[in-house]
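Source file: input-v5.cif (mmCIF, N, CA and C atoms)
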```cif
data_model
loop_
_atom_site.label_atom_id
_atom_site.label_comp_id
_atom_site.auth_asym_id
_atom_site.auth_seq_id
_atom_site.Cartn_x
_atom_site.Cartn_y
_atom_site.Cartn_z
N MET A 1 5.22 7.95 14.67
CA MET A 1 6.09 7.47 13.61
C MET A 1 6.03 8.44 12.44
N GLY A 2 7.17 8.71 11.80
CA GLY A 2 7.25 9.67 10.70
C GLY A 2 6.70 9.11 9.40
N ASN A 3 6.49 10.03 8.47
CA ASN A 3 6.01 9.63 7.15
C ASN A 3 7.09 8.89 6.38
N THR A 4 6.65 7.92 5.59
CA THR A 4 7.56 7.21 4.70
C THR A 4 7.47 7.84 3.31
N CYS A 5 8.37 7.45 2.44
CA CYS A 5 8.32 7.93 1.05
C CYS A 5 6.99 7.56 0.40
N ARG A 6 6.49 6.37 0.71
CA ARG A 6 5.20 5.92 0.15
C ARG A 6 4.07 6.84 0.63
N ASP A 7 4.10 7.23 1.91
CA ASP A 7 3.08 8.16 2.44
C ASP A 7 3.15 9.49 1.71
N ASP A 8 4.37 9.99 1.52
CA ASP A 8 4.53 11.26 0.80
C ASP A 8 4.04 11.15 -0.64
N LEU A 9 4.33 10.04 -1.30
CA LEU A 9 3.87 9.82 -2.66
C LEU A 9 2.35 9.77 -2.71
N ARG A 10 1.74 9.07 -1.77
CA ARG A 10 0.27 9.01 -1.72
C ARG A 10 -0.34 10.39 -1.54
N CYS A 11 0.25 11.22 -0.67
CA CYS A 11 -0.24 12.58 -0.45
C CYS A 11 -0.13 13.41 -1.73
N LEU A 12 1.00 13.28 -2.42
CA LEU A 12 1.20 14.00 -3.67
C LEU A 12 0.19 13.57 -4.72
N LEU A 13 -0.02 12.26 -4.85
CA LEU A 13 -1.00 11.74 -5.82
C LEU A 13 -2.41 12.23 -5.48
N GLU A 14 -2.76 12.29 -4.20
CA GLU A 14 -4.08 12.80 -3.79
C GLU A 14 -4.23 14.28 -4.17
N ARG A 15 -3.17 15.07 -3.98
CA ARG A 15 -3.23 16.49 -4.34
C ARG A 15 -3.40 16.65 -5.85
N ILE A 16 -2.68 15.84 -6.63
CA ILE A 16 -2.83 15.90 -8.09
C ILE A 16 -4.22 15.46 -8.49
N LYS A 17 -4.74 14.43 -7.84
CA LYS A 17 -6.10 13.94 -8.12
C LYS A 17 -7.12 15.06 -7.95
N ASP A 18 -6.96 15.87 -6.93
CA ASP A 18 -7.90 16.96 -6.65
C ASP A 18 -7.89 18.05 -7.71
N THR A 19 -6.85 18.12 -8.55
CA THR A 19 -6.77 19.15 -9.59
C THR A 19 -7.59 18.77 -10.83
N ASP A 20 -7.91 17.48 -10.99
CA ASP A 20 -8.60 16.99 -12.19
C ASP A 20 -7.80 17.25 -13.46
N GLU A 21 -6.48 17.38 -13.35
CA GLU A 21 -5.61 17.56 -14.50
C GLU A 21 -4.91 16.24 -14.82
N GLN A 22 -4.49 16.11 -16.07
CA GLN A 22 -3.77 14.90 -16.45
C GLN A 22 -2.36 14.92 -15.89
N VAL A 23 -1.85 13.72 -15.68
CA VAL A 23 -0.51 13.53 -15.14
C VAL A 23 0.18 12.45 -15.96
N ASN A 24 1.50 12.58 -16.13
CA ASN A 24 2.30 11.49 -16.69
C ASN A 24 2.89 10.74 -15.50
N ILE A 25 2.71 9.43 -15.48
CA ILE A 25 3.32 8.59 -14.46
C ILE A 25 4.31 7.68 -15.16
N ILE A 26 5.55 7.76 -14.73
CA ILE A 26 6.63 6.96 -15.32
C ILE A 26 6.97 5.86 -14.33
N ILE A 27 6.96 4.63 -14.84
CA ILE A 27 7.22 3.48 -13.97
C ILE A 27 8.43 2.70 -14.46
N GLN A 28 9.04 1.97 -13.53
CA GLN A 28 10.12 1.04 -13.87
C GLN A 28 9.49 -0.26 -14.36
N SER A 29 9.93 -0.72 -15.52
CA SER A 29 9.42 -1.96 -16.08
C SER A 29 10.61 -2.76 -16.60
N GLY A 30 11.08 -3.70 -15.79
CA GLY A 30 12.28 -4.43 -16.15
C GLY A 30 13.46 -3.48 -16.14
N GLU A 31 14.20 -3.45 -17.24
CA GLU A 31 15.34 -2.55 -17.35
C GLU A 31 14.96 -1.21 -17.96
N ASP A 32 13.73 -1.09 -18.43
CA ASP A 32 13.26 0.13 -19.08
C ASP A 32 12.22 0.83 -18.22
N CYS A 33 11.78 1.98 -18.72
CA CYS A 33 10.69 2.72 -18.08
C CYS A 33 9.54 2.83 -19.06
N CYS A 34 8.33 2.93 -18.53
CA CYS A 34 7.12 3.12 -19.33
C CYS A 34 6.40 4.35 -18.81
N GLU A 35 5.69 5.02 -19.69
CA GLU A 35 4.95 6.22 -19.31
C GLU A 35 3.46 6.01 -19.55
N PHE A 36 2.66 6.40 -18.57
CA PHE A 36 1.20 6.36 -18.67
C PHE A 36 0.68 7.77 -18.44
N THR A 37 -0.33 8.17 -19.21
CA THR A 37 -0.91 9.50 -19.08
C THR A 37 -2.40 9.37 -18.87
N GLY A 38 -2.93 10.16 -17.94
CA GLY A 38 -4.36 10.17 -17.68
C GLY A 38 -4.67 10.96 -16.44
N CYS A 39 -5.90 10.86 -16.00
CA CYS A 39 -6.36 11.52 -14.78
C CYS A 39 -6.42 10.50 -13.66
N ILE A 40 -5.99 10.90 -12.49
CA ILE A 40 -6.02 10.02 -11.33
C ILE A 40 -7.45 9.97 -10.80
N CYS A 41 -7.99 8.77 -10.66
CA CYS A 41 -9.34 8.65 -10.12
C CYS A 41 -9.36 8.00 -8.73
N GLU A 42 -8.28 7.30 -8.37
CA GLU A 42 -8.23 6.65 -7.06
C GLU A 42 -6.79 6.46 -6.63
N VAL A 43 -6.55 6.66 -5.33
CA VAL A 43 -5.25 6.39 -4.74
C VAL A 43 -5.47 5.44 -3.57
N ASP A 44 -4.82 4.30 -3.62
CA ASP A 44 -4.97 3.25 -2.61
C ASP A 44 -3.64 3.11 -1.86
N ASP A 45 -3.60 2.27 -0.85
CA ASP A 45 -2.36 2.02 -0.12
C ASP A 45 -1.27 1.42 -1.00
N CYS A 46 -1.67 0.66 -2.02
CA CYS A 46 -0.70 -0.05 -2.85
C CYS A 46 -0.65 0.43 -4.30
N PHE A 47 -1.69 1.07 -4.79
CA PHE A 47 -1.74 1.42 -6.21
C PHE A 47 -2.49 2.72 -6.44
N VAL A 48 -2.33 3.25 -7.65
CA VAL A 48 -3.07 4.41 -8.13
C VAL A 48 -3.82 3.97 -9.39
N VAL A 49 -5.03 4.49 -9.58
CA VAL A 49 -5.82 4.18 -10.78
C VAL A 49 -5.83 5.42 -11.66
N LEU A 50 -5.38 5.22 -12.89
CA LEU A 50 -5.30 6.29 -13.88
C LEU A 50 -6.37 6.03 -14.94
N ILE A 51 -7.11 7.07 -15.33
CA ILE A 51 -8.14 6.95 -16.36
C ILE A 51 -7.64 7.64 -17.62
N ASP A 52 -7.72 6.94 -18.74
CA ASP A 52 -7.33 7.46 -20.04
C ASP A 52 -8.52 7.34 -20.97
N THR A 53 -8.98 8.46 -21.52
CA THR A 53 -10.14 8.44 -22.41
C THR A 53 -9.79 8.87 -23.84
N LYS A 54 -8.50 9.04 -24.13
CA LYS A 54 -8.13 9.60 -25.44
C LYS A 54 -8.40 8.65 -26.61
N ARG A 55 -8.57 7.39 -26.35
CA ARG A 55 -8.83 6.43 -27.44
C ARG A 55 -10.33 6.18 -27.64
N GLY A 56 -11.16 7.03 -27.05
CA GLY A 56 -12.60 6.92 -27.25
C GLY A 56 -13.29 6.00 -26.25
N THR A 57 -12.55 5.31 -25.43
CA THR A 57 -13.13 4.48 -24.39
C THR A 57 -12.45 4.82 -23.07
N CYS A 58 -13.07 4.47 -21.99
CA CYS A 58 -12.53 4.73 -20.66
C CYS A 58 -11.65 3.55 -20.25
N ILE A 59 -10.35 3.76 -20.27
CA ILE A 59 -9.40 2.70 -19.91
C ILE A 59 -8.82 3.02 -18.55
N ARG A 60 -8.93 2.06 -17.63
CA ARG A 60 -8.36 2.20 -16.29
C ARG A 60 -7.03 1.45 -16.24
N THR A 61 -6.01 2.13 -15.73
CA THR A 61 -4.70 1.51 -15.55
C THR A 61 -4.39 1.53 -14.06
N TYR A 62 -4.10 0.36 -13.51
CA TYR A 62 -3.77 0.22 -12.09
C TYR A 62 -2.25 0.13 -11.98
N ILE A 63 -1.65 1.08 -11.28
CA ILE A 63 -0.19 1.18 -11.20
C ILE A 63 0.24 1.02 -9.75
N LEU A 64 1.12 0.06 -9.49
CA LEU A 64 1.65 -0.13 -8.14
C LEU A 64 2.51 1.06 -7.74
N LEU A 65 2.31 1.56 -6.53
CA LEU A 65 3.08 2.70 -6.06
C LEU A 65 4.57 2.40 -6.05
N ASP A 66 4.94 1.16 -5.74
CA ASP A 66 6.35 0.78 -5.67
C ASP A 66 7.05 0.86 -7.02
N CYS A 67 6.30 0.90 -8.12
CA CYS A 67 6.89 0.94 -9.46
C CYS A 67 7.08 2.36 -10.00
N ILE A 68 6.50 3.35 -9.32
CA ILE A 68 6.54 4.72 -9.84
C ILE A 68 7.93 5.32 -9.66
N CYS A 69 8.49 5.80 -10.77
CA CYS A 69 9.81 6.46 -10.77
C CYS A 69 9.67 7.97 -10.76
N ALA A 70 8.67 8.50 -11.48
CA ALA A 70 8.53 9.95 -11.61
C ALA A 70 7.09 10.31 -11.96
N LEU A 71 6.72 11.55 -11.63
CA LEU A 71 5.43 12.12 -11.99
C LEU A 71 5.69 13.42 -12.72
N VAL A 72 4.90 13.69 -13.76
CA VAL A 72 4.97 14.97 -14.45
C VAL A 72 3.57 15.56 -14.40
N HIS A 73 3.45 16.73 -13.74
CA HIS A 73 2.15 17.36 -13.56
C HIS A 73 2.29 18.85 -13.79
N PRO A 74 1.46 19.44 -14.65
CA PRO A 74 0.50 18.78 -15.52
C PRO A 74 1.21 17.97 -16.59
N ALA A 75 0.47 17.05 -17.17
CA ALA A 75 1.05 16.12 -18.14
C ALA A 75 1.66 16.86 -19.32
N GLN A 76 2.78 16.35 -19.77
CA GLN A 76 3.45 16.87 -20.96
C GLN A 76 3.12 15.96 -22.13
N GLN A 77 3.23 16.49 -23.32
CA GLN A 77 3.02 15.69 -24.52
C GLN A 77 4.01 14.54 -24.52
N SER A 78 3.55 13.33 -24.68
CA SER A 78 4.43 12.17 -24.70
C SER A 78 5.22 12.12 -25.99
N CYS A 79 6.47 11.64 -25.90
CA CYS A 79 7.29 11.53 -27.10
C CYS A 79 6.91 10.31 -27.93
N CYS A 80 6.11 9.43 -27.36
CA CYS A 80 5.65 8.27 -28.13
C CYS A 80 4.22 7.96 -27.73
N ASP A 81 3.44 7.40 -28.63
CA ASP A 81 2.04 7.14 -28.37
C ASP A 81 1.79 5.78 -27.76
N GLU A 82 2.77 4.90 -27.77
CA GLU A 82 2.58 3.56 -27.24
C GLU A 82 3.05 3.50 -25.81
N TYR A 83 2.39 2.67 -25.04
CA TYR A 83 2.77 2.47 -23.65
C TYR A 83 3.53 1.19 -23.59
#
```
Would you mind writing the file's structure down as structure tokens?
Amino acid sequence: MGNTCRDDLRCLLERIKDTDEQVNIIIQSGEDCCEFTGCICEVDDCFVVLIDTKRGTCIRTYILLDCICALVHPAQQSCCDEY
């Protein structure tokens, strides 16, 4: 059986994870999109775990693969500081 888009996304996320560089992950949230920035620490069948330490604490964000619209690697400066 051939690879699905989800399989390809998981492979891409694993390759980015191996770089230890930050990534911007843009997700669909209702009618809008949201952007999360951090380092990938885990890629699962259903979600990716992003670590953000810029606020002085280690914050883990669990993002469903089905919600991901785009990836920016290496991460670009966000146009807004709020998620």
Nearby residues, (0.1, 19.7, -10.9) file frame, 10 Å, only C-alpha atoms, as a PyMOL selection string: chain A and resi 12-13+15-23+71-75
Residue neighbourhood A:Asp7, 12 Å, only C-alpha atoms, exclusion window fewer than 5 positions, as a ChimeraX atom specification: /A:1-2,12-14,43-47,65-66
Shortest interatomic distance to A:Val48 - which of A:Thr61, A:Glu35, A:Cys67, A:Ser29, counting only N, CA and C atoms: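 Ranking A:Thr61, A:Glu35, A:Cys67, A:Ser29 by distance to A:Val48, first place goes to A:Thr61.
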Alpha helix (DSSP H) per DSSP on the backbone: members of chain A, as an mmCIF file with N, CA and C atoms, in the coordinates of the input:
```
data_model
loop_
_atom_site.group_PDB
_atom_site.id
_atom_site.type_symbol
_atom_site.label_atom_id
_atom_site.label_comp_id
_atom_site.auth_asym_id
_atom_site.auth_seq_id
_atom_site.Cartn_x
_atom_site.Cartn_y
_atom_site.Cartn_z
ATOM 1 N N CYS A 5 8.370 7.450 2.440
ATOM 2 C CA CYS A 5 8.320 7.930 1.050
ATOM 3 C C CYS A 5 6.990 7.560 0.400
ATOM 4 N N ARG A 6 6.490 6.370 0.710
ATOM 5 C CA ARG A 6 5.200 5.920 0.150
ATOM 6 C C ARG A 6 4.070 6.840 0.630
ATOM 7 N N ASP A 7 4.100 7.230 1.910
ATOM 8 C CA ASP A 7 3.080 8.160 2.440
ATOM 9 C C ASP A 7 3.150 9.490 1.710
ATOM 10 N N ASP A 8 4.370 9.990 1.520
ATOM 11 C CA ASP A 8 4.530 11.260 0.800
ATOM 12 C C ASP A 8 4.040 11.150 -0.640
ATOM 13 N N LEU A 9 4.330 10.040 -1.300
ATOM 14 C CA LEU A 9 3.870 9.820 -2.660
ATOM 15 C C LEU A 9 2.350 9.770 -2.710
ATOM 16 N N ARG A 10 1.740 9.070 -1.770
ATOM 17 C CA ARG A 10 0.270 9.010 -1.720
ATOM 18 C C ARG A 10 -0.340 10.390 -1.540
ATOM 19 N N CYS A 11 0.250 11.220 -0.670
ATOM 20 C CA CYS A 11 -0.240 12.580 -0.450
ATOM 21 C C CYS A 11 -0.130 13.410 -1.730
ATOM 22 N N LEU A 12 1.000 13.280 -2.420
ATOM 23 C CA LEU A 12 1.200 14.000 -3.670
ATOM 24 C C LEU A 12 0.190 13.570 -4.720
ATOM 25 N N LEU A 13 -0.020 12.260 -4.850
ATOM 26 C CA LEU A 13 -1.000 11.740 -5.820
ATOM 27 C C LEU A 13 -2.410 12.230 -5.480
ATOM 28 N N GLU A 14 -2.760 12.290 -4.200
ATOM 29 C CA GLU A 14 -4.080 12.800 -3.790
ATOM 30 C C GLU A 14 -4.230 14.280 -4.170
ATOM 31 N N ARG A 15 -3.170 15.070 -3.980
ATOM 32 C CA ARG A 15 -3.230 16.490 -4.340
ATOM 33 C C ARG A 15 -3.400 16.650 -5.850
ATOM 34 N N ILE A 16 -2.680 15.840 -6.630
ATOM 35 C CA ILE A 16 -2.830 15.900 -8.090
ATOM 36 C C ILE A 16 -4.220 15.460 -8.490
ATOM 37 N N LYS A 17 -4.740 14.430 -7.840
ATOM 38 C CA LYS A 17 -6.100 13.940 -8.120
ATOM 39 C C LYS A 17 -7.120 15.060 -7.950
ATOM 40 N N ASP A 18 -6.960 15.870 -6.930
ATOM 41 C CA ASP A 18 -7.900 16.960 -6.650
ATOM 42 C C ASP A 18 -7.890 18.050 -7.710
ATOM 43 N N THR A 19 -6.850 18.120 -8.550
ATOM 44 C CA THR A 19 -6.770 19.150 -9.590
ATOM 45 C C THR A 19 -7.590 18.770 -10.830
#
```
Coordinates-based distance that separates atom C of A:Gln28 from atom C of A:Thr4 (Å, one decimal):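 So the two atoms, atom C of A:Thr4 and atom C of A:Gln28, lie 19.5 Å apart.
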As a PDB file with N, CA and C atoms, in the frame of the given file, which residues of chain A does DSSP assign to strand (DSSP E or B)?
```pdb
ATOM      1  N   VAL A  23      -1.850  13.720 -15.680  1.00  0.00           N
ATOM      2  CA  VAL A  23      -0.510  13.530 -15.140  1.00  0.00           C
ATOM      3  C   VAL A  23       0.180  12.450 -15.960  1.00  0.00           C
ATOM      4  N   ASN A  24       1.500  12.580 -16.130  1.00  0.00           N
ATOM      5  CA  ASN A  24       2.300  11.490 -16.690  1.00  0.00           C
ATOM      6  C   ASN A  24       2.890  10.740 -15.500  1.00  0.00           C
ATOM      7  N   ILE A  25       2.710   9.430 -15.480  1.00  0.00           N
ATOM      8  CA  ILE A  25       3.320   8.590 -14.460  1.00  0.00           C
ATOM      9  C   ILE A  25       4.310   7.680 -15.160  1.00  0.00           C
ATOM     10  N   ILE A  26       5.550   7.760 -14.730  1.00  0.00           N
ATOM     11  CA  ILE A  26       6.630   6.960 -15.320  1.00  0.00           C
ATOM     12  C   ILE A  26       6.970   5.860 -14.330  1.00  0.00           C
ATOM     13  N   ILE A  27       6.960   4.630 -14.840  1.00  0.00           N
ATOM     14  CA  ILE A  27       7.220   3.480 -13.970  1.00  0.00           C
ATOM     15  C   ILE A  27       8.430   2.700 -14.460  1.00  0.00           C
ATOM     16  N   GLN A  28       9.040   1.970 -13.530  1.00  0.00           N
ATOM     17  CA  GLN A  28      10.120   1.040 -13.870  1.00  0.00           C
ATOM     18  C   GLN A  28       9.490  -0.260 -14.360  1.00  0.00           C
ATOM     19  N   SER A  29       9.930  -0.720 -15.520  1.00  0.00           N
ATOM     20  CA  SER A  29       9.420  -1.960 -16.080  1.00  0.00           C
ATOM     21  C   SER A  29      10.610  -2.760 -16.600  1.00  0.00           C
ATOM     22  N   ASP A  32      13.730  -1.090 -18.430  1.00  0.00           N
ATOM     23  CA  ASP A  32      13.260   0.130 -19.080  1.00  0.00           C
ATOM     24  C   ASP A  32      12.220   0.830 -18.220  1.00  0.00           C
ATOM     25  N   CYS A  33      11.780   1.980 -18.720  1.00  0.00           N
ATOM     26  CA  CYS A  33      10.690   2.720 -18.080  1.00  0.00           C
ATOM     27  C   CYS A  33       9.540   2.830 -19.060  1.00  0.00           C
ATOM     28  N   CYS A  34       8.330   2.930 -18.530  1.00  0.00           N
ATOM     29  CA  CYS A  34       7.120   3.120 -19.330  1.00  0.00           C
ATOM     30  C   CYS A  34       6.400   4.350 -18.810  1.00  0.00           C
ATOM     31  N   GLU A  35       5.690   5.020 -19.690  1.00  0.00           N
ATOM     32  CA  GLU A  35       4.950   6.220 -19.310  1.00  0.00           C
ATOM     33  C   GLU A  35       3.460   6.010 -19.550  1.00  0.00           C
ATOM     34  N   PHE A  36       2.660   6.400 -18.570  1.00  0.00           N
ATOM     35  CA  PHE A  36       1.200   6.360 -18.670  1.00  0.00           C
ATOM     36  C   PHE A  36       0.680   7.770 -18.440  1.00  0.00           C
ATOM     37  N   THR A  37      -0.330   8.170 -19.210  1.00  0.00           N
ATOM     38  CA  THR A  37      -0.910   9.500 -19.080  1.00  0.00           C
ATOM     39  C   THR A  37      -2.400   9.370 -18.870  1.00  0.00           C
ATOM     40  N   GLY A  38      -2.930  10.160 -17.940  1.00  0.00           N
ATOM     41  CA  GLY A  38      -4.360  10.170 -17.680  1.00  0.00           C
ATOM     42  C   GLY A  38      -4.670  10.960 -16.440  1.00  0.00           C
ATOM     43  N   CYS A  39      -5.900  10.860 -16.000  1.00  0.00           N
ATOM     44  CA  CYS A  39      -6.360  11.520 -14.780  1.00  0.00           C
ATOM     45  C   CYS A  39      -6.420  10.500 -13.660  1.00  0.00           C
ATOM     46  N   ILE A  40      -5.990  10.900 -12.490  1.00  0.00           N
ATOM     47  CA  ILE A  40      -6.020  10.020 -11.330  1.00  0.00           C
ATOM     48  C   ILE A  40      -7.450   9.970 -10.800  1.00  0.00           C
ATOM     49  N   CYS A  41      -7.990   8.770 -10.660  1.00  0.00           N
ATOM     50  CA  CYS A  41      -9.340   8.650 -10.120  1.00  0.00           C
ATOM     51  C   CYS A  41      -9.360   8.000  -8.730  1.00  0.00           C
ATOM     52  N   GLU A  42      -8.280   7.300  -8.370  1.00  0.00           N
ATOM     53  CA  GLU A  42      -8.230   6.650  -7.060  1.00  0.00           C
ATOM     54  C   GLU A  42      -6.790   6.460  -6.630  1.00  0.00           C
ATOM     55  N   VAL A  43      -6.550   6.660  -5.330  1.00  0.00           N
ATOM     56  CA  VAL A  43      -5.250   6.390  -4.740  1.00  0.00           C
ATOM     57  C   VAL A  43      -5.470   5.440  -3.570  1.00  0.00           C
ATOM     58  N   PHE A  47      -1.690   1.070  -4.790  1.00  0.00           N
ATOM     59  CA  PHE A  47      -1.740   1.420  -6.210  1.00  0.00           C
ATOM     60  C   PHE A  47      -2.490   2.720  -6.440  1.00  0.00           C
ATOM     61  N   VAL A  48      -2.330   3.250  -7.650  1.00  0.00           N
ATOM     62  CA  VAL A  48      -3.070   4.410  -8.130  1.00  0.00           C
ATOM     63  C   VAL A  48      -3.820   3.970  -9.390  1.00  0.00           C
ATOM     64  N   VAL A  49      -5.030   4.490  -9.580  1.00  0.00           N
ATOM     65  CA  VAL A  49      -5.820   4.180 -10.780  1.00  0.00           C
ATOM     66  C   VAL A  49      -5.830   5.420 -11.660  1.00  0.00           C
ATOM     67  N   LEU A  50      -5.380   5.220 -12.890  1.00  0.00           N
ATOM     68  CA  LEU A  50      -5.300   6.290 -13.880  1.00  0.00           C
ATOM     69  C   LEU A  50      -6.370   6.030 -14.940  1.00  0.00           C
ATOM     70  N   ILE A  51      -7.110   7.070 -15.330  1.00  0.00           N
ATOM     71  CA  ILE A  51      -8.140   6.950 -16.360  1.00  0.00           C
ATOM     72  C   ILE A  51      -7.640   7.640 -17.620  1.00  0.00           C
ATOM     73  N   ASP A  52      -7.720   6.940 -18.740  1.00  0.00           N
ATOM     74  CA  ASP A  52      -7.330   7.460 -20.040  1.00  0.00           C
ATOM     75  C   ASP A  52      -8.520   7.340 -20.970  1.00  0.00           C
ATOM     76  N   ILE A  59     -10.350   3.760 -20.270  1.00  0.00           N
ATOM     77  CA  ILE A  59      -9.400   2.700 -19.910  1.00  0.00           C
ATOM     78  C   ILE A  59      -8.820   3.020 -18.550  1.00  0.00           C
ATOM     79  N   ARG A  60      -8.930   2.060 -17.630  1.00  0.00           N
ATOM     80  CA  ARG A  60      -8.360   2.200 -16.290  1.00  0.00           C
ATOM     81  C   ARG A  60      -7.030   1.450 -16.240  1.00  0.00           C
ATOM     82  N   THR A  61      -6.010   2.130 -15.730  1.00  0.00           N
ATOM     83  CA  THR A  61      -4.700   1.510 -15.550  1.00  0.00           C
ATOM     84  C   THR A  61      -4.390   1.530 -14.060  1.00  0.00           C
ATOM     85  N   TYR A  62      -4.100   0.360 -13.510  1.00  0.00           N
ATOM     86  CA  TYR A  62      -3.770   0.220 -12.090  1.00  0.00           C
ATOM     87  C   TYR A  62      -2.250   0.130 -11.980  1.00  0.00           C
ATOM     88  N   ILE A  63      -1.650   1.080 -11.280  1.00  0.00           N
ATOM     89  CA  ILE A  63      -0.190   1.180 -11.200  1.00  0.00           C
ATOM     90  C   ILE A  63       0.240   1.020  -9.750  1.00  0.00           C
ATOM     91  N   LEU A  64       1.120   0.060  -9.490  1.00  0.00           N
ATOM     92  CA  LEU A  64       1.650  -0.130  -8.140  1.00  0.00           C
ATOM     93  C   LEU A  64       2.510   1.060  -7.740  1.00  0.00           C
ATOM     94  N   ILE A  68       6.500   3.350  -9.320  1.00  0.00           N
ATOM     95  CA  ILE A  68       6.540   4.720  -9.840  1.00  0.00           C
ATOM     96  C   ILE A  68       7.930   5.320  -9.660  1.00  0.00           C
ATOM     97  N   CYS A  69       8.490   5.800 -10.770  1.00  0.00           N
ATOM     98  CA  CYS A  69       9.810   6.460 -10.770  1.00  0.00           C
ATOM     99  C   CYS A  69       9.670   7.970 -10.760  1.00  0.00           C
ATOM    100  N   ALA A  70       8.670   8.500 -11.480  1.00  0.00           N
ATOM    101  CA  ALA A  70       8.530   9.950 -11.610  1.00  0.00           C
ATOM    102  C   ALA A  70       7.090  10.310 -11.960  1.00  0.00           C
ATOM    103  N   LEU A  71       6.720  11.550 -11.630  1.00  0.00           N
ATOM    104  CA  LEU A  71       5.430  12.120 -11.990  1.00  0.00           C
ATOM    105  C   LEU A  71       5.690  13.420 -12.720  1.00  0.00           C
ATOM    106  N   VAL A  72       4.900  13.690 -13.760  1.00  0.00           N
ATOM    107  CA  VAL A  72       4.970  14.970 -14.450  1.00  0.00           C
ATOM    108  C   VAL A  72       3.570  15.560 -14.400  1.00  0.00           C
TER     109      VAL A  72
END
```
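Straight-line separation from atom C of A:Asp52 to atom CA of A:Arg6: 25.2 Å.
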One-decimal distance in Å that lies between atom CA of A:Ile40 and atom CA of A:Ala70: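 Pair atom CA of A:Ala70 / atom CA of A:Ile40 returns 14.6 Å.
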Selected residue of minimal separation from A:Ile51 among A:Gln76, A:Thr37, A:Asn3, A:Asn24, counting only C-alpha atoms: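 Nearest candidate to A:Ile51 out of A:Gln76, A:Thr37, A:Asn3, A:Asn24: A:Thr37.
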Would you kindly return, as a PDB file with N, CA and C atoms, in the coordinates of the input, each protein, DNA or RNA residue with an atom no farther than 7 Å from any atom of A:Ile68, considering only C-alpha atoms and excluding same-chain residues fewer than 6 positions away?
```pdb
ATOM      1  N   ILE A  25       2.710   9.430 -15.480  1.00  0.00           N
ATOM      2  CA  ILE A  25       3.320   8.590 -14.460  1.00  0.00           C
ATOM      3  C   ILE A  25       4.310   7.680 -15.160  1.00  0.00           C
ATOM      4  N   ILE A  26       5.550   7.760 -14.730  1.00  0.00           N
ATOM      5  CA  ILE A  26       6.630   6.960 -15.320  1.00  0.00           C
ATOM      6  C   ILE A  26       6.970   5.860 -14.330  1.00  0.00           C
ATOM      7  N   ILE A  27       6.960   4.630 -14.840  1.00  0.00           N
ATOM      8  CA  ILE A  27       7.220   3.480 -13.970  1.00  0.00           C
ATOM      9  C   ILE A  27       8.430   2.700 -14.460  1.00  0.00           C
ATOM     10  N   GLN A  28       9.040   1.970 -13.530  1.00  0.00           N
ATOM     11  CA  GLN A  28      10.120   1.040 -13.870  1.00  0.00           C
ATOM     12  C   GLN A  28       9.490  -0.260 -14.360  1.00  0.00           C
TER      13      GLN A  28
END
```
Assuming 4 Å of padding per side, give the centre and edge lengths of the axis-aligned box around every listed atom of stretch 5-17 of chain A, in Å to one decimal and as JSON.
```
{"center_x": 0.6, "center_y": 11.3, "center_z": -3.0, "size_x": 23.5, "size_y": 18.7, "size_z": 18.9}
```
If we count only C-alpha atoms, what is near A:Ile59 at a cut-off of 12 Å, once residues fewer than 2 positions away on the same chain are taken out, given as a CSV table (one decimal) with N, CA and C atoms, keeping the file's coordinate frame?
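To be explicit, this is the file written out as selection35.csv:
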```csv
chain,number,residue,atom,x,y,z
A,36,PHE,N,2.7,6.4,-18.6
A,36,PHE,CA,1.2,6.4,-18.7
A,36,PHE,C,0.7,7.8,-18.4
A,37,THR,N,-0.3,8.2,-19.2
A,37,THR,CA,-0.9,9.5,-19.1
A,37,THR,C,-2.4,9.4,-18.9
A,38,GLY,N,-2.9,10.2,-17.9
A,38,GLY,CA,-4.4,10.2,-17.7
A,38,GLY,C,-4.7,11.0,-16.4
A,39,CYS,N,-5.9,10.9,-16.0
A,39,CYS,CA,-6.4,11.5,-14.8
A,39,CYS,C,-6.4,10.5,-13.7
A,40,ILE,N,-6.0,10.9,-12.5
A,40,ILE,CA,-6.0,10.0,-11.3
A,40,ILE,C,-7.4,10.0,-10.8
A,41,CYS,N,-8.0,8.8,-10.7
A,41,CYS,CA,-9.3,8.6,-10.1
A,41,CYS,C,-9.4,8.0,-8.7
A,49,VAL,N,-5.0,4.5,-9.6
A,49,VAL,CA,-5.8,4.2,-10.8
A,49,VAL,C,-5.8,5.4,-11.7
A,50,LEU,N,-5.4,5.2,-12.9
A,50,LEU,CA,-5.3,6.3,-13.9
A,50,LEU,C,-6.4,6.0,-14.9
A,51,ILE,N,-7.1,7.1,-15.3
A,51,ILE,CA,-8.1,7.0,-16.4
A,51,ILE,C,-7.6,7.6,-17.6
A,52,ASP,N,-7.7,6.9,-18.7
A,52,ASP,CA,-7.3,7.5,-20.0
A,52,ASP,C,-8.5,7.3,-21.0
A,53,THR,N,-9.0,8.5,-21.5
A,53,THR,CA,-10.1,8.4,-22.4
A,53,THR,C,-9.8,8.9,-23.8
A,54,LYS,N,-8.5,9.0,-24.1
A,54,LYS,CA,-8.1,9.6,-25.4
A,54,LYS,C,-8.4,8.6,-26.6
A,55,ARG,N,-8.6,7.4,-26.4
A,55,ARG,CA,-8.8,6.4,-27.4
A,55,ARG,C,-10.3,6.2,-27.6
A,56,GLY,N,-11.2,7.0,-27.0
A,56,GLY,CA,-12.6,6.9,-27.2
A,56,GLY,C,-13.3,6.0,-26.2
A,57,THR,N,-12.6,5.3,-25.4
A,57,THR,CA,-13.1,4.5,-24.4
A,57,THR,C,-12.4,4.8,-23.1
A,61,THR,N,-6.0,2.1,-15.7
A,61,THR,CA,-4.7,1.5,-15.6
A,61,THR,C,-4.4,1.5,-14.1
A,62,TYR,N,-4.1,0.4,-13.5
A,62,TYR,CA,-3.8,0.2,-12.1
A,62,TYR,C,-2.2,0.1,-12.0
```
